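Visitor: Input file: protein-v6.cif. Contents: mmCIF, C-alpha atoms.
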data_target
#
loop_
_atom_site.label_atom_id
_atom_site.label_comp_id
_atom_site.auth_asym_id
_atom_site.auth_seq_id
_atom_site.Cartn_x
_atom_site.Cartn_y
_atom_site.Cartn_z
CA MET A 1 -15.23 -12.65 -5.12
CA THR A 2 -15.97 -16.15 -3.87
CA LEU A 3 -13.37 -18.85 -3.43
CA ALA A 4 -13.93 -20.96 -6.55
CA ASN A 5 -12.56 -24.22 -5.19
CA ALA A 6 -13.64 -24.10 -1.54
CA GLN A 7 -15.13 -27.60 -1.64
CA GLU A 8 -12.07 -29.11 -3.34
CA LEU A 9 -9.84 -27.47 -0.74
CA ALA A 10 -11.99 -28.71 2.14
CA ASP A 11 -11.97 -32.23 0.70
CA VAL A 12 -8.18 -32.23 0.34
CA LEU A 13 -7.72 -30.95 3.88
CA ARG A 14 -10.09 -33.58 5.28
CA GLU A 15 -8.35 -36.49 3.49
CA ALA A 16 -5.38 -36.37 5.85
CA ASP A 17 -3.93 -34.05 8.42
CA ARG A 18 -2.90 -31.37 5.97
CA LEU A 19 -3.77 -28.33 8.05
CA GLY A 20 -0.12 -28.07 9.07
CA LEU A 21 0.74 -27.41 5.42
CA VAL A 22 -1.83 -24.62 5.36
CA PHE A 23 -0.39 -23.06 8.50
CA ALA A 24 3.13 -23.21 7.02
CA ARG A 25 1.94 -21.63 3.77
CA HIS A 26 0.30 -18.72 5.54
CA ALA A 27 3.17 -18.26 7.98
CA TYR A 28 5.34 -17.72 4.90
CA GLY A 29 2.81 -15.29 3.42
CA MET A 30 2.48 -13.37 6.67
CA ARG A 31 6.24 -12.99 6.86
CA GLU A 32 6.25 -11.64 3.29
CA TRP A 33 3.42 -9.28 4.15
CA ALA A 34 5.21 -8.00 7.24
CA ASP A 35 8.38 -7.40 5.23
CA LEU A 36 6.77 -5.88 2.13
CA PHE A 37 4.07 -3.78 3.78
CA GLY A 38 6.41 -2.88 6.63
CA ALA A 39 8.81 -1.35 4.12
CA ARG A 40 5.95 0.86 2.90
CA ILE A 41 5.09 2.40 6.27
CA ARG A 42 7.44 5.31 5.61
CA ASP A 43 5.52 6.08 2.39
CA VAL A 44 2.31 6.74 4.35
CA ALA A 45 2.29 10.42 5.26
CA GLU A 46 -0.91 10.79 7.28
CA PRO A 47 -0.19 9.84 10.93
CA ARG A 48 -3.38 7.83 11.57
CA ALA A 49 -2.97 5.92 8.32
CA LYS A 50 0.68 5.26 9.17
CA ALA A 51 -0.32 3.89 12.58
CA LEU A 52 -2.98 1.70 10.95
CA VAL A 53 -0.55 0.20 8.44
CA ALA A 54 1.98 -0.37 11.23
CA ARG A 55 -0.69 -2.14 13.33
CA ILE A 56 -1.65 -4.40 10.43
CA VAL A 57 2.01 -5.25 9.83
CA ALA A 58 2.37 -6.07 13.55
CA ASP A 59 -0.79 -8.21 13.41
CA ASN A 60 0.67 -10.13 10.48
CA ALA A 61 3.91 -10.73 12.36
CA ARG A 62 1.97 -11.97 15.40
CA HIS A 63 -0.23 -14.19 13.20
CA MET A 64 2.90 -15.56 11.54
CA LEU A 65 4.17 -16.75 14.91
CA LEU A 66 0.82 -18.35 15.76
CA PHE A 67 0.67 -20.14 12.41
CA ARG A 68 4.30 -21.29 12.69
CA GLU A 69 3.47 -22.81 16.07
CA ARG A 70 0.39 -24.58 14.66
CA ALA A 71 2.37 -25.90 11.66
CA ARG A 72 4.94 -27.40 14.03
CA ALA A 73 2.14 -28.90 16.15
CA HIS A 74 1.07 -30.78 13.01
CA GLY A 75 4.63 -31.96 12.35
CA VAL A 76 5.27 -29.50 9.51
CA ASP A 77 8.42 -27.38 9.32
CA PRO A 78 7.13 -23.86 8.61
CA ASP A 79 10.47 -22.90 7.06
CA ALA A 80 10.19 -25.64 4.43
CA TYR A 81 7.32 -23.95 2.55
CA ALA A 82 8.17 -22.51 -0.86
CA PRO A 83 5.43 -20.72 -2.77
CA PRO A 84 4.42 -21.65 -6.30
CA PRO A 85 5.04 -19.06 -9.03
CA GLU A 86 1.42 -17.98 -8.59
CA GLY A 87 2.23 -17.11 -4.98
CA ASP A 88 5.36 -15.19 -5.84
CA ALA A 89 3.33 -13.07 -8.27
CA ILE A 90 1.23 -11.83 -5.35
CA TYR A 91 4.24 -10.68 -3.36
CA ARG A 92 6.12 -9.19 -6.34
CA ARG A 93 3.23 -6.82 -6.95
CA ILE A 94 3.27 -5.13 -3.53
CA PRO A 95 6.43 -2.98 -3.99
CA GLN A 96 5.02 -1.72 -7.30
CA LEU A 97 1.93 -0.17 -5.71
CA ARG A 98 2.69 3.53 -5.63
CA ASP A 99 -0.01 5.17 -3.52
CA VAL A 100 -1.75 4.51 -0.25
CA GLY A 101 -5.16 3.96 -1.89
CA ALA A 102 -3.84 1.20 -4.14
CA LEU A 103 -1.82 -0.34 -1.31
CA ALA A 104 -4.91 -0.37 0.95
CA GLY A 105 -7.09 -1.80 -1.83
CA TYR A 106 -4.59 -4.55 -2.56
CA ALA A 107 -4.41 -5.37 1.13
CA ILE A 108 -8.21 -5.50 1.33
CA GLY A 109 -8.41 -7.85 -1.66
CA SER A 110 -5.75 -10.05 -0.14
CA LEU A 111 -7.39 -10.10 3.29
CA GLU A 112 -10.82 -10.82 1.81
CA ASN A 113 -9.36 -13.86 0.07
CA PHE A 114 -7.67 -14.89 3.30
CA LEU A 115 -10.99 -14.73 5.18
CA GLN A 116 -12.52 -17.12 2.66
CA LEU A 117 -9.63 -19.53 3.13
CA LEU A 118 -9.87 -19.24 6.91
CA ALA A 119 -13.55 -20.20 6.69
CA VAL A 120 -12.57 -23.43 4.90
CA TYR A 121 -9.79 -24.13 7.38
CA ARG A 122 -12.18 -23.50 10.28
CA VAL A 123 -14.67 -26.15 9.13
CA THR A 124 -11.91 -28.71 8.55
CA ALA A 125 -10.02 -28.07 11.80
CA THR A 126 -10.48 -30.71 14.48
CA ASP A 127 -7.95 -29.52 17.07
CA PRO A 128 -9.45 -26.89 19.40
CA ARG A 129 -6.10 -25.05 19.41
CA ASP A 130 -6.26 -24.71 15.62
CA VAL A 131 -9.82 -23.42 15.87
CA ALA A 132 -8.83 -20.86 18.51
CA VAL A 133 -5.96 -19.52 16.39
CA ILE A 134 -8.12 -19.37 13.27
CA ASP A 135 -10.87 -17.52 15.17
CA GLU A 136 -8.38 -15.00 16.53
CA VAL A 137 -6.93 -14.35 13.08
CA VAL A 138 -10.42 -14.03 11.55
CA ALA A 139 -11.36 -11.35 14.10
CA ASP A 140 -8.17 -9.38 13.46
CA THR A 141 -8.53 -9.72 9.69
CA GLU A 142 -12.12 -8.46 9.72
CA ARG A 143 -11.03 -5.50 11.83
CA SER A 144 -8.20 -4.73 9.41
CA ILE A 145 -10.44 -4.82 6.35
CA ALA A 146 -12.89 -2.40 7.96
CA ALA A 147 -10.09 -0.05 9.04
CA LEU A 148 -8.42 -0.08 5.61
CA ALA A 149 -11.59 0.72 3.65
CA PRO A 150 -11.41 4.53 4.10
CA LEU A 151 -7.83 4.52 2.80
CA ALA A 152 -8.73 2.62 -0.36
CA VAL A 153 -10.89 5.31 -1.94
CA ALA A 154 -8.35 6.32 -4.61
CA GLY A 155 -7.34 3.36 -6.75
CA GLY A 156 -8.34 0.83 -4.15
CA ASP A 157 -11.06 -0.96 -6.11
CA ALA A 158 -8.80 -1.77 -9.06
CA ALA A 159 -6.02 -2.95 -6.74
CA ALA A 160 -8.47 -5.14 -4.78
CA ARG A 161 -9.70 -6.72 -8.03
CA GLU A 162 -6.10 -7.37 -9.05
CA ALA A 163 -5.36 -9.03 -5.71
CA HIS A 164 -8.49 -11.16 -6.02
CA GLU A 165 -7.40 -12.34 -9.47
CA LEU A 166 -3.86 -13.16 -8.37
CA TYR A 167 -5.16 -15.10 -5.38
CA ARG A 168 -7.74 -16.88 -7.57
CA ARG A 169 -4.88 -18.17 -9.72
CA ARG A 170 -2.94 -19.26 -6.68
CA GLU A 171 -5.85 -21.07 -5.07
CA LEU A 172 -6.23 -23.22 -8.18
CA VAL A 173 -2.80 -24.79 -7.59
CA GLU A 174 -2.60 -25.03 -3.79
CA PRO A 175 -4.94 -28.01 -3.19
CA ARG A 176 -2.88 -30.17 -5.56
CA ARG A 177 0.29 -29.10 -3.75
CA TYR A 178 -1.25 -30.08 -0.39
CA ARG A 179 -2.31 -33.45 -1.78
CA ASP A 180 1.10 -34.09 -3.31
CA ALA A 181 2.91 -33.13 -0.10
CA ALA A 182 1.14 -35.74 1.98
#
Would you put the structure from the file into structure tokens?

Guide:
Amino acid sequence: MTLANAQELADVLREADRLGLVFARHAYGMREWADLFGARIRDVAEPRAKALVARIVADNARHMLLFRERARAHGVDPDAYAPPPEGDAIYRRIPQLRDVGALAGYAIGSLENFLQLLAVYRVTATDPRDVAVIDEVVADTERSIAALAPLAVAGGDAAAREAHELYRRRELVEPRRYRDAA
């Protein structure tokens, strides 16, 4: 799936220094991910898979701190972000995923969407510190997608498609929110 409004998003981010809003948004999402996926670690029976999920949760927590720092550097309070209903729908779905394959597939779909967003943020970033953080998160995200793929064999494709659709809906509202917040 390709980000449908990549150009619109890039244009909105270039109009003013709105990258801080993006960092705050994703710091919120990473915190949700750490909480929701972290709660599922005990449901993963196979030791290597459990360690992988725990590592991805830890990566998200570390990325959250990096993005919070970058939001503050842009003068944005990372705790002020509140997701739109389309964002809440993404997080509400995670506890409902009942098996490791579906959980891994949903995570892959989510991370694939995130990579597309990071690519837009990367081309609009002008601060070298923003670029460095984005590059670090891209590398970790690519590694996570590759590591999750073997776990997503049972039910993973359908869950990834669902995540893509939920994120597609969300991405249609976020540029307007960034514009309105400026």

Visitor: Got a sec: who's within 12 Å of Arg143 (chain A), counting only C-alpha atoms, leaving out chain neighbours fewer than 6 positions off, as a CSV table (one decimal) with C-alpha atoms, keeping the file's coordinate frame?

Guide:
chain,number,residue,atom,x,y,z
A,52,LEU,CA,-3.0,1.7,11.0
A,55,ARG,CA,-0.7,-2.1,13.3
A,56,ILE,CA,-1.6,-4.4,10.4
A,59,ASP,CA,-0.8,-8.2,13.4
A,108,ILE,CA,-8.2,-5.5,1.3
A,111,LEU,CA,-7.4,-10.1,3.3
A,112,GLU,CA,-10.8,-10.8,1.8
A,115,LEU,CA,-11.0,-14.7,5.2
A,136,GLU,CA,-8.4,-15.0,16.5
A,137,VAL,CA,-6.9,-14.4,13.1
A,149,ALA,CA,-11.6,0.7,3.6

Visitor: Could you tell me how far CA of Phe67 (chain A) sits from CA of Ser144 (chain A), in Å to one decimal place?

Guide: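 So the two atoms, CA of Ser144 (chain A) and CA of Phe67 (chain A), lie 18.0 Å apart.
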
Visitor: Of the residues A:Val153, A:Val120, A:Ala80, A:Ala132, which is the one nearest to Val100 (chain A), using all atoms listed in the file?

Guide: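 The closest residue to Val100 (chain A) is A:Val153.
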
Visitor: Between A:Ala89, A:Ala49, A:Ala4, A:Leu21, which one has atoms that come closest to His74 (chain A), using all atoms listed in the file?

Guide: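 Nearest candidate to His74 (chain A) out of A:Ala89, A:Ala49, A:Ala4, A:Leu21: A:Leu21.
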
Visitor: Name the residues in contact with Leu103 (chain A) at a cut-off of 8 Å, using all atoms listed in the file, excluding same-chain residues fewer than 2 positions from it; report them as a compact mmCIF listing (two decimals) with C-alpha atoms, in the frame of the given file.

Guide:
# COMPACT_ATOMS: atom_id res chain seq x y z
CA ILE A 94 3.27 -5.13 -3.53
CA LEU A 97 1.93 -0.17 -5.71
CA ARG A 98 2.69 3.53 -5.63
CA ASP A 99 -0.01 5.17 -3.52
CA VAL A 100 -1.75 4.51 -0.25
CA GLY A 101 -5.16 3.96 -1.89
CA GLY A 105 -7.09 -1.80 -1.83
CA TYR A 106 -4.59 -4.55 -2.56
CA ALA A 107 -4.41 -5.37 1.13
CA ALA A 152 -8.73 2.62 -0.36
CA GLY A 156 -8.34 0.83 -4.15
CA ALA A 159 -6.02 -2.95 -6.74

Visitor: Residues of region 52-92 of chain A that approach region 167-172 of chain A to 10 Å or less, counting all atoms listed in the file: could you list each one with the shortest pair of atoms and its distance in Å to one decimal, rows by chain and increasing residue number, as a Markdown table?

Guide:
| residue | atom | partner | partner_atom | distance |
| --- | --- | --- | --- | --- |
| A:Pro83 | CA | A:Arg170 | CA | 9.4 |
| A:Pro84 | CA | A:Arg170 | CA | 7.7 |
| A:Pro85 | CA | A:Arg170 | CA | 8.3 |
| A:Glu86 | CA | A:Arg170 | CA | 4.9 |
| A:Gly87 | CA | A:Arg170 | CA | 5.9 |
| A:Asp88 | CA | A:Arg170 | CA | 9.3 |
| A:Ala89 | CA | A:Arg170 | CA | 9.0 |
| A:Ile90 | CA | A:Tyr167 | CA | 7.2 |

Visitor: For the structure provided, state which residues fall under the PyMOL selection byres ((chain A and resi 163) around 6), and present them as a compact mmCIF listing (two decimals) with C-alpha atoms, in the coordinates of the input.

Guide:
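For reference, part_28.txt as written:
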# COMPACT_ATOMS: atom_id res chain seq x y z
CA TYR A 106 -4.59 -4.55 -2.56
CA GLY A 109 -8.41 -7.85 -1.66
CA SER A 110 -5.75 -10.05 -0.14
CA ALA A 160 -8.47 -5.14 -4.78
CA ARG A 161 -9.70 -6.72 -8.03
CA GLU A 162 -6.10 -7.37 -9.05
CA HIS A 164 -8.49 -11.16 -6.02
CA GLU A 165 -7.40 -12.34 -9.47
CA LEU A 166 -3.86 -13.16 -8.37

Visitor: Would you kindly return, as number ranges by chain, each protein, DNA or RNA residue with an atom no farther than 10 Å from any atom of Phe23 (chain A), considering all atoms listed in the file and excluding same-chain residues fewer than 3 positions away?

Guide: A: 18-20, 26-29, 64, 66-74, 76-78, 81, 121, 130, 134

Visitor: Rank nothing, just name the residue among A:Arg177, A:Ala102, A:Asp140, A:Asp135 nearest to Val44 (chain A), using all atoms listed in the file.

Guide: A:Ala102

Visitor: With the file shown as input, list the residues that the PyMOL selection byres ((chain A and resi 7) around 12) selects, as a list in words.

Guide: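 Matching residues under the PyMOL selection byres ((chain A and resi 7) around 12) are Thr2, Leu3, Ala4, Asn5, Ala6, Glu8, Leu9, Ala10, Asp11, Val12, Leu13, Arg14, Gln116, Leu117, Ala119, Val120, Tyr121, Val123, Thr124, Glu171, Leu172 and Pro175 of chain A.
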
Visitor: What would the file look like if the residues just selected were written as a PDB file, in the coordinates of the input with C-alpha atoms?

Guide:
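And here's result_10.pdb as it stands now:
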ATOM      1  CA  THR A   2     -15.970 -16.150  -3.870  1.00  0.00           C
ATOM      2  CA  LEU A   3     -13.370 -18.850  -3.430  1.00  0.00           C
ATOM      3  CA  ALA A   4     -13.930 -20.960  -6.550  1.00  0.00           C
ATOM      4  CA  ASN A   5     -12.560 -24.220  -5.190  1.00  0.00           C
ATOM      5  CA  ALA A   6     -13.640 -24.100  -1.540  1.00  0.00           C
ATOM      6  CA  GLU A   8     -12.070 -29.110  -3.340  1.00  0.00           C
ATOM      7  CA  LEU A   9      -9.840 -27.470  -0.740  1.00  0.00           C
ATOM      8  CA  ALA A  10     -11.990 -28.710   2.140  1.00  0.00           C
ATOM      9  CA  ASP A  11     -11.970 -32.230   0.700  1.00  0.00           C
ATOM     10  CA  VAL A  12      -8.180 -32.230   0.340  1.00  0.00           C
ATOM     11  CA  LEU A  13      -7.720 -30.950   3.880  1.00  0.00           C
ATOM     12  CA  ARG A  14     -10.090 -33.580   5.280  1.00  0.00           C
ATOM     13  CA  GLN A 116     -12.520 -17.120   2.660  1.00  0.00           C
ATOM     14  CA  LEU A 117      -9.630 -19.530   3.130  1.00  0.00           C
ATOM     15  CA  ALA A 119     -13.550 -20.200   6.690  1.00  0.00           C
ATOM     16  CA  VAL A 120     -12.570 -23.430   4.900  1.00  0.00           C
ATOM     17  CA  TYR A 121      -9.790 -24.130   7.380  1.00  0.00           C
ATOM     18  CA  VAL A 123     -14.670 -26.150   9.130  1.00  0.00           C
ATOM     19  CA  THR A 124     -11.910 -28.710   8.550  1.00  0.00           C
ATOM     20  CA  GLU A 171      -5.850 -21.070  -5.070  1.00  0.00           C
ATOM     21  CA  LEU A 172      -6.230 -23.220  -8.180  1.00  0.00           C
ATOM     22  CA  PRO A 175      -4.940 -28.010  -3.190  1.00  0.00           C
TER      23      PRO A 175
END
